[in-house]
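Coordinates as given in data.pdb (PDB, C-alpha atoms and all ligand atoms):
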ATOM      1  CA  MET A   1     109.353 -75.956 -48.638  1.00  0.00           C
ATOM      2  CA  TYR A   2     107.700 -76.984 -45.385  1.00  0.00           C
ATOM      3  CA  ILE A   3     103.966 -76.515 -44.765  1.00  0.00           C
ATOM      4  CA  PRO A   4     103.141 -76.337 -41.025  1.00  0.00           C
ATOM      5  CA  GLU A   5     100.985 -79.190 -39.783  1.00  0.00           C
ATOM      6  CA  ASN A   6      98.239 -76.875 -38.495  1.00  0.00           C
ATOM      7  CA  ILE A   7      97.888 -75.326 -41.963  1.00  0.00           C
ATOM      8  CA  VAL A   8      97.666 -78.775 -43.526  1.00  0.00           C
ATOM      9  CA  ASN A   9      94.977 -79.720 -41.012  1.00  0.00           C
ATOM     10  CA  VAL A  10      92.923 -76.649 -41.854  1.00  0.00           C
ATOM     11  CA  LEU A  11      93.201 -77.383 -45.576  1.00  0.00           C
ATOM     12  CA  HIS A  12      92.415 -81.037 -45.028  1.00  0.00           C
ATOM     13  CA  ASN A  13      89.213 -80.109 -43.221  1.00  0.00           C
ATOM     14  CA  LEU A  14      88.062 -77.621 -45.849  1.00  0.00           C
ATOM     15  CA  ASP A  15      84.757 -78.376 -47.513  1.00  0.00           C
ATOM     16  CA  CYS A  16      85.738 -79.810 -50.895  1.00  0.00           C
ATOM     17  CA  GLU A  17      82.493 -78.727 -52.462  1.00  0.00           C
ATOM     18  CA  THR A  18      83.070 -75.096 -51.510  1.00  0.00           C
ATOM     19  CA  VAL A  19      86.643 -75.242 -52.768  1.00  0.00           C
ATOM     20  CA  ALA A  20      85.589 -76.851 -56.054  1.00  0.00           C
ATOM     21  CA  ARG A  21      82.891 -74.205 -56.575  1.00  0.00           C
ATOM     22  CA  LYS A  22      85.442 -71.498 -55.947  1.00  0.00           C
ATOM     23  CA  PHE A  23      87.496 -72.895 -58.800  1.00  0.00           C
ATOM     24  CA  GLY A  24      84.580 -73.020 -61.199  1.00  0.00           C
ATOM     25  CA  ILE A  25      83.242 -76.550 -60.910  1.00  0.00           C
ATOM     26  CA  ASN A  26      79.491 -76.621 -61.372  1.00  0.00           C
ATOM     27  CA  ILE A  27      78.092 -78.849 -58.619  1.00  0.00           C
ATOM     28  CA  VAL A  28      74.475 -79.961 -58.554  1.00  0.00           C
ATOM     29  CA  LYS A  29      73.232 -82.100 -55.675  1.00  0.00           C
ATOM     30  CA  HIS A  30      76.804 -82.875 -54.546  1.00  0.00           C
ATOM     31  CA  GLN A  31      77.720 -84.121 -58.005  1.00  0.00           C
ATOM     32  CA  ALA A  32      79.709 -82.618 -60.831  1.00  0.00           C
ATOM     33  CA  HIS A  33      81.314 -83.489 -64.132  1.00  0.00           C
ATOM     34  CA  CYS A  34      84.814 -84.789 -63.644  1.00  0.00           C
ATOM     35  CA  PHE A  35      87.564 -82.344 -64.607  1.00  0.00           C
ATOM     36  CA  MET A  36      90.066 -85.119 -65.246  1.00  0.00           C
ATOM     37  CA  HIS A  37      88.355 -86.778 -68.207  1.00  0.00           C
ATOM     38  CA  GLU A  38      85.555 -86.378 -70.719  1.00  0.00           C
ATOM     39  CA  ASP A  39      82.488 -86.805 -68.575  1.00  0.00           C
ATOM     40  CA  LYS A  40      79.012 -87.098 -70.064  1.00  0.00           C
ATOM     41  CA  HIS A  41      77.388 -87.897 -66.732  1.00  0.00           C
ATOM     42  CA  PRO A  42      78.415 -86.376 -63.411  1.00  0.00           C
ATOM     43  CA  SER A  43      80.879 -88.898 -62.031  1.00  0.00           C
ATOM     44  CA  LEU A  44      82.400 -86.616 -59.467  1.00  0.00           C
ATOM     45  CA  ALA A  45      80.770 -86.899 -56.065  1.00  0.00           C
ATOM     46  CA  PHE A  46      81.299 -84.715 -53.012  1.00  0.00           C
ATOM     47  CA  LYS A  47      80.692 -86.070 -49.548  1.00  0.00           C
ATOM     48  CA  ASN A  48      81.975 -85.363 -46.043  1.00  0.00           C
ATOM     49  CA  ASN A  49      84.775 -83.026 -47.162  1.00  0.00           C
ATOM     50  CA  CYS A  50      85.925 -85.628 -49.650  1.00  0.00           C
ATOM     51  CA  TRP A  51      85.580 -85.975 -53.392  1.00  0.00           C
ATOM     52  CA  LYS A  52      85.568 -89.039 -55.549  1.00  0.00           C
ATOM     53  CA  CYS A  53      85.259 -89.743 -59.246  1.00  0.00           C
ATOM     54  CA  PHE A  54      83.581 -93.042 -59.940  1.00  0.00           C
ATOM     55  CA  ALA A  55      84.812 -93.107 -63.522  1.00  0.00           C
ATOM     56  CA  CYS A  56      88.539 -92.555 -63.053  1.00  0.00           C
ATOM     57  CA  ASP A  57      88.570 -93.755 -59.455  1.00  0.00           C
ATOM     58  CA  LYS A  58      90.392 -90.743 -58.103  1.00  0.00           C
ATOM     59  CA  GLY A  59      89.479 -88.891 -54.967  1.00  0.00           C
ATOM     60  CA  GLY A  60      90.673 -87.258 -51.796  1.00  0.00           C
ATOM     61  CA  ASP A  61      90.408 -84.100 -49.740  1.00  0.00           C
ATOM     62  CA  ALA A  62      90.500 -80.406 -50.648  1.00  0.00           C
ATOM     63  CA  ILE A  63      94.287 -80.477 -50.971  1.00  0.00           C
ATOM     64  CA  SER A  64      94.330 -83.316 -53.480  1.00  0.00           C
ATOM     65  CA  LEU A  65      91.448 -81.684 -55.354  1.00  0.00           C
ATOM     66  CA  ILE A  66      93.583 -78.601 -56.024  1.00  0.00           C
ATOM     67  CA  LYS A  67      96.515 -80.854 -56.749  1.00  0.00           C
ATOM     68  CA  GLU A  68      94.620 -82.756 -59.447  1.00  0.00           C
ATOM     69  CA  MET A  69      92.840 -79.719 -60.883  1.00  0.00           C
ATOM     70  CA  PHE A  70      95.944 -77.662 -61.439  1.00  0.00           C
ATOM     71  CA  ASN A  71      98.542 -80.406 -61.611  1.00  0.00           C
ATOM     72  CA  LEU A  72     100.411 -78.995 -58.636  1.00  0.00           C
ATOM     73  CA  SER A  73     102.612 -80.477 -55.978  1.00  0.00           C
ATOM     74  CA  PHE A  74     101.283 -80.910 -52.469  1.00  0.00           C
ATOM     75  CA  GLN A  75     103.176 -77.821 -51.291  1.00  0.00           C
ATOM     76  CA  GLU A  76     101.944 -75.696 -54.184  1.00  0.00           C
ATOM     77  CA  SER A  77      98.382 -76.868 -53.565  1.00  0.00           C
ATOM     78  CA  CYS A  78      98.577 -75.721 -49.970  1.00  0.00           C
ATOM     79  CA  ILE A  79      99.469 -72.145 -50.886  1.00  0.00           C
ATOM     80  CA  THR A  80      97.043 -71.825 -53.815  1.00  0.00           C
TER      81      THR A  80
HETATM   82 ZN    ZN B   1      87.040 -88.706 -63.487  1.00  0.00          ZN
END
The structure given in the file should be rewritten as structure tokens.
Ligand SMILES: [Zn+2]
Amino acid sequence: MYIPENIVNVLHNLDCETVARKFGINIVKHQAHCFMHEDKHPSLAFKNNCWKCFACDKGGDAISLIKEMFNLSFQESCIT
């Protein structure tokens, strides 16, 4: 399946924090508990449309956030 470049650009520029909230991540002061591992302290940081976990060293844009959260392919993430 082919995702048009303009769609990818829109998704890439989405505010990660808004997207994460939409999918139930509780964000306080741009930080949240990581959804990829047991997280006692908020390791997940949101900044400039990007996200980054300082514990498992994963991060990216809104597309990769959906990808990691739901274990989807890039194409599936785009249409979610
Ligand atoms: Zn993590």
What do you get as a compact mmCIF listing (two decimals) with C-alpha atoms, in the coordinates of the input if you pick all residues at most 7 Å from ligand ZN 1 (chain B), counting only C-alpha atoms and all ligand atoms?
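Saved to selection.txt:
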# COMPACT_ATOMS: atom_id res chain seq x y z
CA CYS A 34 84.81 -84.79 -63.64
CA PHE A 35 87.56 -82.34 -64.61
CA MET A 36 90.07 -85.12 -65.25
CA HIS A 37 88.36 -86.78 -68.21
CA SER A 43 80.88 -88.90 -62.03
CA LEU A 44 82.40 -86.62 -59.47
CA CYS A 53 85.26 -89.74 -59.25
CA PHE A 54 83.58 -93.04 -59.94
CA ALA A 55 84.81 -93.11 -63.52
CA CYS A 56 88.54 -92.56 -63.05
CA ASP A 57 88.57 -93.76 -59.46
CA LYS A 58 90.39 -90.74 -58.10
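Checking A:Cys78, A:Cys50, A:Val28, A:Ile3 one by one against Ile63 of chain A, counting all atoms listed in the file, you find the shortest gap at A:Cys78.
In this structure, atom CA of Lys29 of chain A sits 29.5 Å away from atom CA of Glu76 of chain A.
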Residues at most 9 Å from Ala20 of chain A, counting only C-alpha atoms, excluding those fewer than 5 positions away in the same chain, as a PDB file with C-alpha atoms, keeping the file's coordinate frame?
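Result saved to around.pdb:
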ATOM      1  CA  ASP A  15      84.757 -78.376 -47.513  1.00  0.00           C
ATOM      2  CA  ILE A  25      83.242 -76.550 -60.910  1.00  0.00           C
ATOM      3  CA  ASN A  26      79.491 -76.621 -61.372  1.00  0.00           C
ATOM      4  CA  ILE A  27      78.092 -78.849 -58.619  1.00  0.00           C
ATOM      5  CA  ALA A  62      90.500 -80.406 -50.648  1.00  0.00           C
ATOM      6  CA  LEU A  65      91.448 -81.684 -55.354  1.00  0.00           C
ATOM      7  CA  ILE A  66      93.583 -78.601 -56.024  1.00  0.00           C
TER       8      ILE A  66
END
> Pick the closest to Asn49 of chain A from A:Asn71, A:Ser64, A:Ser77, A:Asn13: which is it, counting all atoms listed in the file?
Replying inline: A:Asn13
>> Taking (107.7, -79.7, -47.6) in the coordinates of the supplied file, I want to know which residues reach to within 10 Å of it, counting all atoms listed in the file; could you give the answer as a ChimeraX atom specification?
In response: /A:1-4,73-76
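Between atom CA of Val8 of chain A and atom CA of Lys47 of chain A there is a distance of 19.4 Å.
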>> Taking only C-alpha atoms into account, name the residue in A:Asn9, A:Met69, A:Lys40, A:Asp61 that is nearest to Phe23 of chain A.
In response: A:Met69
Enclose segment 5-13 of chain A, meaning all of its atoms listed in the file, in a box aligned along x, y and z, pad it by 5 Å on each side, and list the centre and edge lengths in Å to one decimal, as lines of an AutoDock Vina configuration file.
center_x = 95.1
center_y = -78.2
center_z = -42.0
size_x = 21.8
size_y = 15.7
size_z = 17.1
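Across A:Trp51, A:Gln31, A:Gly24, A:His41, the tightest approach to His12 of chain A is made by A:Trp51 when counting all atoms listed in the file.
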>> One decimal, in Å: what's the spacing between atom CA of Phe46 of chain A and atom CA of His30 of chain A?
In response: 5.1 Å
